[in-house]
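See below for run08.tsv, which holds TSV, C-alpha atoms.
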chain	number	residue	atom	x	y	z
A	147	MET	CA	88.63	94.98	91.06
A	148	GLU	CA	89.05	93.42	94.47
A	149	HIS	CA	86.88	90.48	95.46
A	150	ARG	CA	84.64	90.94	98.49
A	151	PHE	CA	85.21	87.66	100.25
A	152	TRP	CA	87.77	86.65	102.81
A	153	ASN	CA	88.62	83.72	105.02
A	154	PRO	CA	88.29	84.71	108.68
A	155	ALA	CA	90.48	81.85	109.90
A	156	PRO	CA	93.34	81.10	107.49
A	157	LYS	CA	95.75	78.34	108.35
A	158	PRO	CA	99.17	79.45	109.61
A	159	GLY	CA	101.40	80.22	106.66
A	160	ALA	CA	98.49	80.51	104.23
A	161	ILE	CA	97.86	83.99	102.88
A	162	PRO	CA	94.31	84.99	103.86
A	163	GLY	CA	91.82	85.47	101.08
A	164	PRO	CA	91.22	88.95	99.69
A	165	ILE	CA	89.46	91.43	101.91
A	166	PRO	CA	87.46	94.42	100.66
A	167	HIS	CA	89.23	96.97	102.86
A	168	GLY	CA	92.51	97.61	104.57
A	169	GLY	CA	92.96	98.09	108.29
A	170	ASP	CA	91.79	94.68	109.59
A	171	LEU	CA	94.83	92.63	110.54
A	172	GLY	CA	93.00	89.70	112.13
A	173	GLY	CA	93.41	87.35	109.18
A	174	LEU	CA	97.08	88.22	108.70
A	175	ARG	CA	97.85	87.67	112.38
A	176	GLN	CA	96.31	84.21	112.15
A	177	ALA	CA	98.14	83.39	108.92
A	178	PHE	CA	101.50	84.68	110.19
A	179	PRO	CA	101.49	84.06	113.94
A	180	ASP	CA	105.28	84.42	114.17
A	181	ALA	CA	105.36	87.88	112.60
A	182	PRO	CA	106.80	90.52	114.92
A	183	GLU	CA	104.39	92.72	116.84
A	184	PRO	CA	103.18	95.34	116.59
A	185	TRP	CA	102.20	95.01	112.98
A	186	LEU	CA	102.98	97.90	110.66
A	187	ASP	CA	99.68	98.53	108.89
A	188	LEU	CA	100.27	100.02	105.45
A	189	SER	CA	97.06	98.52	104.04
A	190	THR	CA	95.06	101.75	104.22
A	191	GLY	CA	95.30	105.17	102.59
A	192	ILE	CA	94.95	107.08	105.85
A	193	ASN	CA	97.22	109.94	106.87
A	194	PRO	CA	99.69	108.39	109.36
A	195	VAL	CA	100.16	111.76	111.10
A	196	PRO	CA	96.68	112.61	112.41
A	197	TYR	CA	95.25	116.00	113.17
A	198	PRO	CA	95.85	116.87	116.83
A	199	VAL	CA	92.43	116.35	118.35
A	200	PRO	CA	91.36	119.44	120.30
A	201	PRO	CA	89.64	119.21	123.68
A	202	VAL	CA	85.95	118.39	123.33
A	203	GLU	CA	83.38	119.85	125.70
A	204	ALA	CA	82.34	117.11	128.13
A	205	SER	CA	78.64	117.61	127.42
A	206	ALA	CA	79.21	116.64	123.77
A	207	TRP	CA	79.38	113.04	125.00
A	208	THR	CA	76.22	113.16	127.09
A	209	ARG	CA	73.64	115.12	125.05
A	210	LEU	CA	72.25	115.04	121.54
A	211	PRO	CA	73.92	117.43	119.09
A	212	ALA	CA	72.29	120.83	118.74
A	213	ALA	CA	71.09	122.11	115.38
A	214	ALA	CA	73.54	125.02	115.61
A	215	GLU	CA	76.46	122.58	115.89
A	216	VAL	CA	75.30	120.72	112.80
A	217	GLU	CA	75.01	123.96	110.85
A	218	ALA	CA	78.45	125.10	112.03
A	219	LEU	CA	80.06	121.97	110.63
A	220	ARG	CA	78.12	122.29	107.37
A	221	ALA	CA	79.45	125.83	107.02
A	222	ALA	CA	83.02	124.75	107.81
A	223	ALA	CA	82.79	121.95	105.24
A	224	ALA	CA	81.40	124.30	102.58
A	225	SER	CA	84.32	126.65	103.15
A	226	ALA	CA	86.95	123.91	103.20
A	227	TYR	CA	85.71	122.16	100.06
A	228	GLY	CA	84.69	125.22	98.06
A	229	ALA	CA	80.95	124.52	98.05
A	230	PRO	CA	78.73	127.54	97.42
A	231	ASP	CA	77.34	127.52	100.99
A	232	ALA	CA	76.19	125.27	103.81
A	233	THR	CA	72.89	124.39	102.12
A	234	HIS	CA	74.88	122.34	99.61
A	235	VAL	CA	76.38	120.09	102.33
A	236	ALA	CA	75.01	116.85	103.80
A	237	LEU	CA	76.80	115.36	106.81
A	238	ALA	CA	77.29	111.62	107.29
A	239	PRO	CA	78.99	109.23	109.70
A	240	GLY	CA	81.66	108.42	107.12
A	241	THR	CA	81.68	108.42	103.32
A	242	GLN	CA	80.91	104.70	103.24
A	243	ILE	CA	77.35	105.25	104.44
A	244	LEU	CA	76.87	107.77	101.62
A	245	ILE	CA	78.06	105.17	99.12
A	246	GLU	CA	75.43	102.80	100.58
A	247	THR	CA	72.65	105.42	100.73
A	248	LEU	CA	72.81	107.07	97.30
A	249	PRO	CA	71.80	103.96	95.30
A	250	ARG	CA	68.66	103.66	97.44
A	251	LEU	CA	67.58	107.18	96.50
A	252	VAL	CA	67.57	106.42	92.76
A	253	ALA	CA	65.05	104.21	90.96
A	254	PRO	CA	66.70	101.13	89.41
A	255	THR	CA	68.57	102.20	86.30
A	256	ARG	CA	71.77	101.69	84.29
A	257	VAL	CA	74.94	102.58	86.19
A	258	ALA	CA	78.49	102.86	84.88
A	259	VAL	CA	81.40	102.73	87.32
A	260	VAL	CA	84.66	104.02	85.88
A	261	GLY	CA	87.20	101.46	87.06
A	262	PRO	CA	88.87	99.48	88.25
A	263	THR	CA	88.29	101.42	91.44
A	264	TYR	CA	87.04	101.19	95.03
A	265	ALA	CA	84.90	98.04	94.97
A	266	GLU	CA	82.19	99.29	97.33
A	267	HIS	CA	80.71	101.61	94.71
A	268	GLU	CA	79.76	98.84	92.32
A	269	ALA	CA	78.68	96.55	95.15
A	270	ALA	CA	76.34	99.16	96.66
A	271	TRP	CA	74.56	99.88	93.38
A	272	VAL	CA	74.19	96.16	92.66
A	273	ARG	CA	72.71	95.57	96.12
A	274	ALA	CA	70.15	98.30	95.44
A	275	GLY	CA	68.96	96.53	92.29
A	276	HIS	CA	70.66	98.61	89.58
A	277	ALA	CA	72.22	97.26	86.38
A	278	VAL	CA	75.91	98.03	86.87
A	279	THR	CA	78.74	97.94	84.34
A	280	GLN	CA	82.37	98.71	85.02
A	281	VAL	CA	83.88	100.78	82.20
A	282	ASP	CA	87.47	101.76	81.61
A	283	GLY	CA	86.91	105.44	80.89
A	284	ILE	CA	84.45	108.30	80.61
A	285	ALA	CA	84.09	107.74	76.86
A	286	ALA	CA	82.69	104.26	77.51
A	287	ILE	CA	79.70	105.18	79.73
A	288	GLY	CA	77.23	104.63	76.91
A	289	ASP	CA	73.62	105.38	77.85
A	290	ALA	CA	74.13	105.00	81.60
A	291	ALA	CA	71.90	107.25	83.69
A	292	VAL	CA	74.29	107.22	86.66
A	293	VAL	CA	78.08	107.35	86.50
A	294	VAL	CA	80.46	106.83	89.41
A	295	LEU	CA	83.85	108.46	88.97
A	296	VAL	CA	86.55	108.27	91.66
A	297	ASP	CA	89.02	111.11	91.09
A	298	PRO	CA	91.79	110.81	92.17
A	299	ASN	CA	91.20	107.12	91.66
A	300	ASN	CA	91.93	104.39	94.15
A	301	PRO	CA	94.24	102.50	93.67
A	302	ASP	CA	96.09	104.06	90.72
A	303	GLY	CA	95.62	107.79	91.38
A	304	ARG	CA	94.18	108.45	87.93
A	305	THR	CA	92.70	111.92	87.48
A	306	HIS	CA	90.70	113.66	84.77
A	307	PRO	CA	90.87	117.32	83.75
A	308	LEU	CA	88.18	119.46	85.31
A	309	SER	CA	86.77	120.25	81.87
A	310	GLU	CA	86.14	116.53	81.21
A	311	ARG	CA	84.43	116.02	84.55
A	312	LEU	CA	82.26	119.10	84.08
A	313	ALA	CA	81.29	117.96	80.59
A	314	LEU	CA	80.35	114.54	81.98
A	315	ALA	CA	78.22	116.14	84.71
A	316	GLU	CA	76.42	118.28	82.15
A	317	THR	CA	75.82	115.31	79.83
A	318	LEU	CA	74.23	113.37	82.65
A	319	ARG	CA	72.24	116.37	83.86
A	320	ALA	CA	70.83	116.85	80.35
A	321	ARG	CA	69.59	113.25	80.25
A	322	GLY	CA	68.15	113.50	83.77
A	323	GLY	CA	70.98	111.45	85.18
A	324	LEU	CA	73.52	111.75	87.98
A	325	LEU	CA	77.29	111.91	88.38
A	326	ILE	CA	78.66	110.59	91.67
A	327	ALA	CA	82.14	112.14	91.96
A	328	ASP	CA	84.10	110.48	94.74
A	329	GLU	CA	86.86	112.91	95.76
A	330	ALA	CA	87.89	111.01	98.90
A	331	PHE	CA	91.59	111.47	98.14
A	332	ALA	CA	91.44	114.98	96.67
A	333	ASP	CA	92.20	117.03	99.79
A	334	LEU	CA	95.98	116.87	99.56
A	335	GLU	CA	96.28	116.72	95.77
A	336	PRO	CA	96.82	119.53	93.25
A	337	VAL	CA	93.51	118.78	91.51
A	338	ALA	CA	90.49	120.98	90.88
A	339	SER	CA	87.37	119.89	92.77
A	340	LEU	CA	83.84	119.69	91.42
A	341	CYS	CA	82.47	121.04	94.71
A	342	PRO	CA	82.28	124.67	93.53
A	343	HIS	CA	80.19	123.58	90.55
A	344	VAL	CA	77.09	122.27	92.34
A	345	LEU	CA	75.56	125.69	91.75
A	346	ARG	CA	72.15	125.22	90.20
A	347	PRO	CA	69.28	124.87	92.71
A	348	ASP	CA	66.82	125.43	89.86
A	349	ALA	CA	68.17	122.59	87.73
A	350	ALA	CA	67.65	118.85	87.86
A	351	PRO	CA	70.13	117.35	90.33
A	352	GLY	CA	73.00	116.03	88.26
A	353	LEU	CA	76.06	116.04	90.52
A	354	VAL	CA	76.94	114.72	93.98
A	355	VAL	CA	80.51	115.05	95.25
A	356	LEU	CA	81.72	112.83	98.10
A	357	ARG	CA	84.47	114.02	100.44
A	358	SER	CA	86.16	111.97	103.15
A	359	PHE	CA	87.35	113.45	106.44
A	360	GLY	CA	89.11	110.49	108.08
A	361	LYS	CA	91.69	109.85	105.37
A	362	THR	CA	93.09	113.37	105.19
A	363	TYR	CA	92.98	114.08	108.91
A	364	GLY	CA	94.11	110.61	110.00
A	365	LEU	CA	90.99	110.17	112.14
A	366	ALA	CA	89.15	107.39	110.34
A	367	GLY	CA	87.65	106.14	113.61
A	368	LEU	CA	85.76	109.42	114.01
A	369	ARG	CA	83.51	108.38	111.09
A	370	LEU	CA	82.77	111.60	109.25
A	371	GLY	CA	82.04	112.28	105.60
A	372	PHE	CA	80.28	114.78	103.37
A	373	ALA	CA	78.10	114.90	100.27
A	374	ILE	CA	78.20	118.15	98.32
A	375	ALA	CA	75.22	118.68	96.02
A	376	GLU	CA	72.53	121.15	95.01
A	377	PRO	CA	70.42	122.02	98.09
A	378	GLY	CA	67.43	119.80	97.28
A	379	THR	CA	69.64	116.75	96.83
A	380	ALA	CA	71.68	117.57	99.93
A	381	ASP	CA	68.46	117.78	101.95
A	382	ARG	CA	67.22	114.49	100.53
A	383	ILE	CA	70.47	112.76	101.52
A	384	GLY	CA	70.31	114.28	104.99
A	385	THR	CA	66.71	113.14	105.42
A	386	ALA	CA	67.63	109.60	104.36
A	387	LEU	CA	70.36	109.47	107.02
A	388	GLY	CA	68.01	110.74	109.71
A	389	PRO	CA	68.53	113.10	112.64
A	390	TRP	CA	71.77	113.10	114.63
A	391	ALA	CA	73.64	111.17	111.94
A	392	VAL	CA	76.93	112.67	113.15
A	393	SER	CA	77.93	112.56	116.82
A	394	GLY	CA	78.54	115.65	118.93
A	395	PRO	CA	82.28	114.96	119.32
A	396	ALA	CA	82.63	114.43	115.56
A	397	LEU	CA	80.85	117.73	114.90
A	398	ALA	CA	83.25	119.59	117.19
A	399	ILE	CA	86.44	117.93	116.00
A	400	GLY	CA	85.43	118.10	112.35
A	401	ARG	CA	84.68	121.81	112.57
A	402	ALA	CA	88.03	122.56	114.22
A	403	ALA	CA	90.01	120.50	111.72
A	404	LEU	CA	88.27	121.77	108.60
A	405	SER	CA	88.78	125.36	109.75
A	406	ASP	CA	92.54	124.82	110.22
A	407	THR	CA	93.71	125.73	106.74
A	408	ALA	CA	97.35	126.09	107.81
A	409	TRP	CA	97.49	122.49	109.05
A	410	ARG	CA	96.02	121.20	105.82
A	411	ALA	CA	98.51	123.16	103.68
A	412	GLU	CA	101.48	121.96	105.73
A	413	THR	CA	100.17	118.41	105.66
A	414	ALA	CA	99.84	118.46	101.87
A	415	GLN	CA	103.51	119.35	101.54
A	416	ALA	CA	104.67	116.83	104.12
A	417	ARG	CA	102.69	113.90	102.74
A	418	ALA	CA	103.79	114.69	99.16
A	419	ALA	CA	107.39	114.46	100.37
A	420	ASP	CA	106.60	111.16	102.09
A	421	ALA	CA	105.03	109.82	98.90
A	422	ALA	CA	108.16	110.71	96.93
A	423	ARG	CA	110.28	108.97	99.55
A	424	LEU	CA	108.11	105.87	99.29
A	425	ASP	CA	108.48	105.91	95.51
A	426	ARG	CA	112.25	105.73	95.93
A	427	LEU	CA	111.95	102.78	98.30
A	428	ILE	CA	109.63	100.98	95.90
A	429	ALA	CA	112.03	101.55	93.00
A	430	ARG	CA	114.95	100.20	95.02
A	431	GLY	CA	112.82	97.16	95.80
A	432	GLY	CA	112.33	96.45	92.11
A	433	GLY	CA	108.85	97.89	91.82
A	434	THR	CA	107.41	99.75	88.86
A	435	LEU	CA	105.21	102.59	90.03
A	436	VAL	CA	101.62	102.46	88.77
A	437	GLY	CA	100.46	105.63	90.51
A	438	GLY	CA	98.75	106.77	93.66
A	439	THR	CA	98.17	109.86	95.77
A	440	SER	CA	99.98	111.58	98.61
A	441	LEU	CA	98.49	108.97	100.98
A	442	PHE	CA	99.24	105.74	99.10
A	443	ARG	CA	101.41	104.41	96.28
A	444	THR	CA	100.68	101.46	93.98
A	445	ALA	CA	103.33	99.47	92.17
A	446	ASP	CA	103.89	96.27	90.21
A	447	PHE	CA	106.56	93.73	91.19
A	448	SER	CA	107.86	90.75	89.25
A	449	ASP	CA	107.15	88.58	92.30
A	450	GLY	CA	104.18	90.32	93.89
A	451	PRO	CA	102.91	87.31	95.88
A	452	GLY	CA	106.41	86.56	97.16
A	453	LEU	CA	106.96	90.13	98.29
A	454	TYR	CA	103.53	90.22	99.92
A	455	ARG	CA	104.47	87.13	101.91
A	456	ARG	CA	107.88	88.51	102.92
A	457	LEU	CA	106.26	91.71	104.09
A	458	ALA	CA	103.67	89.77	106.10
A	459	GLU	CA	106.36	87.60	107.67
A	460	ALA	CA	108.00	90.85	108.77
A	461	GLY	CA	104.72	92.06	110.28
A	462	ILE	CA	103.95	94.56	107.52
A	463	ALA	CA	100.47	94.67	105.94
A	464	VAL	CA	99.91	96.08	102.44
A	465	ARG	CA	97.03	95.78	99.98
A	466	ARG	CA	97.05	93.15	97.26
A	467	PHE	CA	94.83	92.65	94.21
A	468	PRO	CA	93.82	89.06	93.43
A	469	GLU	CA	93.17	89.84	89.77
A	470	ARG	CA	96.57	91.57	89.47
A	471	LEU	CA	98.90	89.42	91.55
A	472	GLU	CA	101.92	91.54	90.67
A	473	ARG	CA	100.28	94.66	92.14
A	474	LEU	CA	100.65	95.95	95.70
A	475	ARG	CA	99.49	99.18	97.34
A	476	PHE	CA	101.46	100.80	100.14
A	477	GLY	CA	100.20	103.33	102.65
A	478	LEU	CA	102.67	105.76	104.19
A	479	PRO	CA	104.77	104.69	107.19
A	480	ALA	CA	104.73	106.93	110.27
A	481	GLY	CA	108.04	107.71	111.91
A	482	LYS	CA	111.65	106.65	111.43
A	483	ALA	CA	111.26	103.15	112.85
A	484	ALA	CA	108.42	102.32	110.47
A	485	TRP	CA	110.30	103.64	107.45
A	486	CYS	CA	113.38	101.58	108.40
A	487	ARG	CA	111.28	98.47	108.90
A	488	LEU	CA	109.77	98.74	105.41
A	489	SER	CA	113.12	99.58	103.87
A	490	ARG	CA	114.73	96.43	105.25
A	491	VAL	CA	112.18	94.22	103.46
A	492	LEU	CA	112.19	96.16	100.17
A	493	LYS	CA	115.96	96.08	99.98

Take the structure from the file and write it as C-alpha cells.
Amino acid sequence: MEHRFWNPAPKPGAIPGPIPHGGDLGGLRQAFPDAPEPWLDLSTGINPVPYPVPPVEASAWTRLPAAAEVEALRAAAASAYGAPDATHVALAPGTQILIETLPRLVAPTRVAVVGPTYAEHEAAWVRAGHAVTQVDGIAAIGDAAVVVLVDPNNPDGRTHPLSERLALAETLRARGGLLIADEAFADLEPVASLCPHVLRPDAAPGLVVLRSFGKTYGLAGLRLGFAIAEPGTADRIGTALGPWAVSGPALAIGRAALSDTAWRAETAQARAADAARLDRLIARGGGTLVGGTSLFRTADFSDGPGLYRRLAEAGIAVRRFPERLERLRFGLPAGKAAWCRLSRVLK
C-alpha cells in the first residue's frame, strides 16, 4: 500500500517521498533538475493515445447543462457498460469523488478492502469514520458489512472470476451490506463486468460498480466517472453530488466517446499490443513481471531504487512502492520517441 505523504520540496538528487498518485512531476523536477525536458510521464495508467475530442457546441461553455443532456450521457453510459438502463447510472466529475462520497452515505461500520490496491479507497472510508481492514482476498472479509474490490486490481492486475464476485455481492446483500466494485481498468480488458447484474430495484442495495472515463479515453482532465447501481442507490449518489455535477462539455464529449464502440474495440487491441511490447522491454531490463492491465505494467527489479533513479535522471517518471522497493509500475509510452527513450534506460 502506498503511503499518502510526500515532500513538496526535495533537495536536488534526493528522491522525493512517496506520492499517492501519478501525474504530478513537480517533486521529481526539483529532485532531478538536470533531467532532460520534457519529462516522459509513465507514472499514470492513462491511455497515452486519447480519444479525438469532437467539436463542442460553444454554448456548452456558457450555460448550465440541460436535463436532457444529463440523461443522454446516462443512457450512453448504460449502453457502454452493460447496465440495465439509464436509471442505474449516476454521473460524477471523476471516479475519485465517488470514492470520497460513498463512505459518507453509509453509517460507520466494518469495511474490508481487498488489497494491496489503490490507496484512496481505504483512506476515504477511514476519513468517514469506518473501521477499515485491508485483507488479502475475498475469503478473508470476515463479518465486514462493506467490501471494496478493485478488479482488475491496481497495481498488479489481479482479477476474480465473475462467479466469485457475484457470490460476494450476494453474501453482502443478504447481510444488508454493500460491495463496492471498482472497475476503473476494466474497459479494455477481457473481463466480465458486474454492471449488468445491478438488476434488483426491489432488493436491498448491495452492489455499486465504479467506472472511470478518463483512463480509457485518455482524457483524465475532463473529470468524468460513473457509479452503476440499483436505481434507488444511483439516485442517492446523484443527490449527494448535487445538481450540475458534470460540466456541459464533459457531457457532450463523454456521450460521443462512449457511443463510439469501434474506437473502443480498436483501442483495446492496440493497447494490448503496447502492453506486450512493454513486457518485452521490462524483461530485457531484468524485470520480473508482476502483472498489470493494458494501460500499465508492474514488475520487480533486483535494484528497484537504482533503476527508479536512473529513469528519473533520464527524465522518465514511473510509480514506486515504498513498502516494496523492488517494485515499479510503468504506464505506456506514446509514440516512437518515447518508446526509444524508455528502451535506452532499460537496456

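With all atoms listed in the file as the atoms that count, the minimum distance from Thr413 of chain A to the choices A:Thr247, A:Gln176, A:Thr439, A:Asn193 is reached by A:Asn193.
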
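For Val464 of chain A, the list of residues within 10 Å, based on all atoms listed in the file and with local chain neighbours fewer than 6 positions off taken out, reads Gly168, Gly169, Leu186, Asp187, Leu188, Ser189, Thr190, Tyr454, Leu457, Ala458, Leu474, Arg475, Phe476 and Gly477 of chain A.
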
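When only C-alpha atoms are used to compute distances to Thr255 of chain A, the closest of the residues A:Leu314, A:Arg401, A:Leu324, A:Val235 turns out to be A:Leu324.
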
**Item:** Residue among A:Arg487, A:Phe359, A:Pro468, A:Thr317 lying closest to Ala402 of chain A, counting all atoms listed in the file
**Value:** A:Phe359

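Taking atom CA of Arg455 of chain A and atom CA of Ala480 of chain A as endpoints, the distance between them is 21.5 Å.
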
**Request:** Rank A:Pro262, A:Gly432, A:Gly173, A:Gly371 by their smallest atom-to-atom distance to Gly450 of chain A, using only C-alpha atoms, and report the top residue only.
**Result:** A:Gly432

**Item:** Pick from A:Ala181, A:Val296, A:Val199, A:Leu453, whichever lies nearest to Gly364 of chain A using only C-alpha atoms
**Value:**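 When distances to Gly364 of chain A are compared using only C-alpha atoms, the smallest one comes from A:Val199.
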
**Prompt:** Which is closest to Pro201 of chain A among A:Glu469, A:Asp446, A:Val491, A:Ala396, if we use all atoms listed in the file?
**Reply:**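 Checking each candidate against Pro201 of chain A, we get A:Ala396 as the closest.
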
Set the distance at 7 Å and use only C-alpha atoms: which residues neighbour Trp271 of chain A once local chain neighbours fewer than 5 positions away are removed? I'd like the list as a PDB file with C-alpha atoms, keeping the file's coordinate frame.
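Saved result, around_29.pdb, follows:
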ATOM      1  CA  PRO A 249      71.800 103.960  95.300  1.00  0.00           C
ATOM      2  CA  HIS A 276      70.660  98.610  89.580  1.00  0.00           C
ATOM      3  CA  VAL A 278      75.910  98.030  86.870  1.00  0.00           C
TER       4      VAL A 278
END

**Request:** Show me as a PyMOL selection string the residues that reach within 8 Å of (88.4, 113.5, 112.8), counting only C-alpha atoms and using the file's own coordinates.
**Result:** chain A and resi 197+199+359-360+363-370+396+399-400+403

**Item:** Cut-off 12 Å around (72.9, 94.9, 93.4) with only C-alpha atoms: residues as a ChimeraX atom specification
**Value:** /A:246,249-250,254-257,266-279

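Between atom CA of Thr263 of chain A and atom CA of Pro336 of chain A there is a distance of 20.1 Å.
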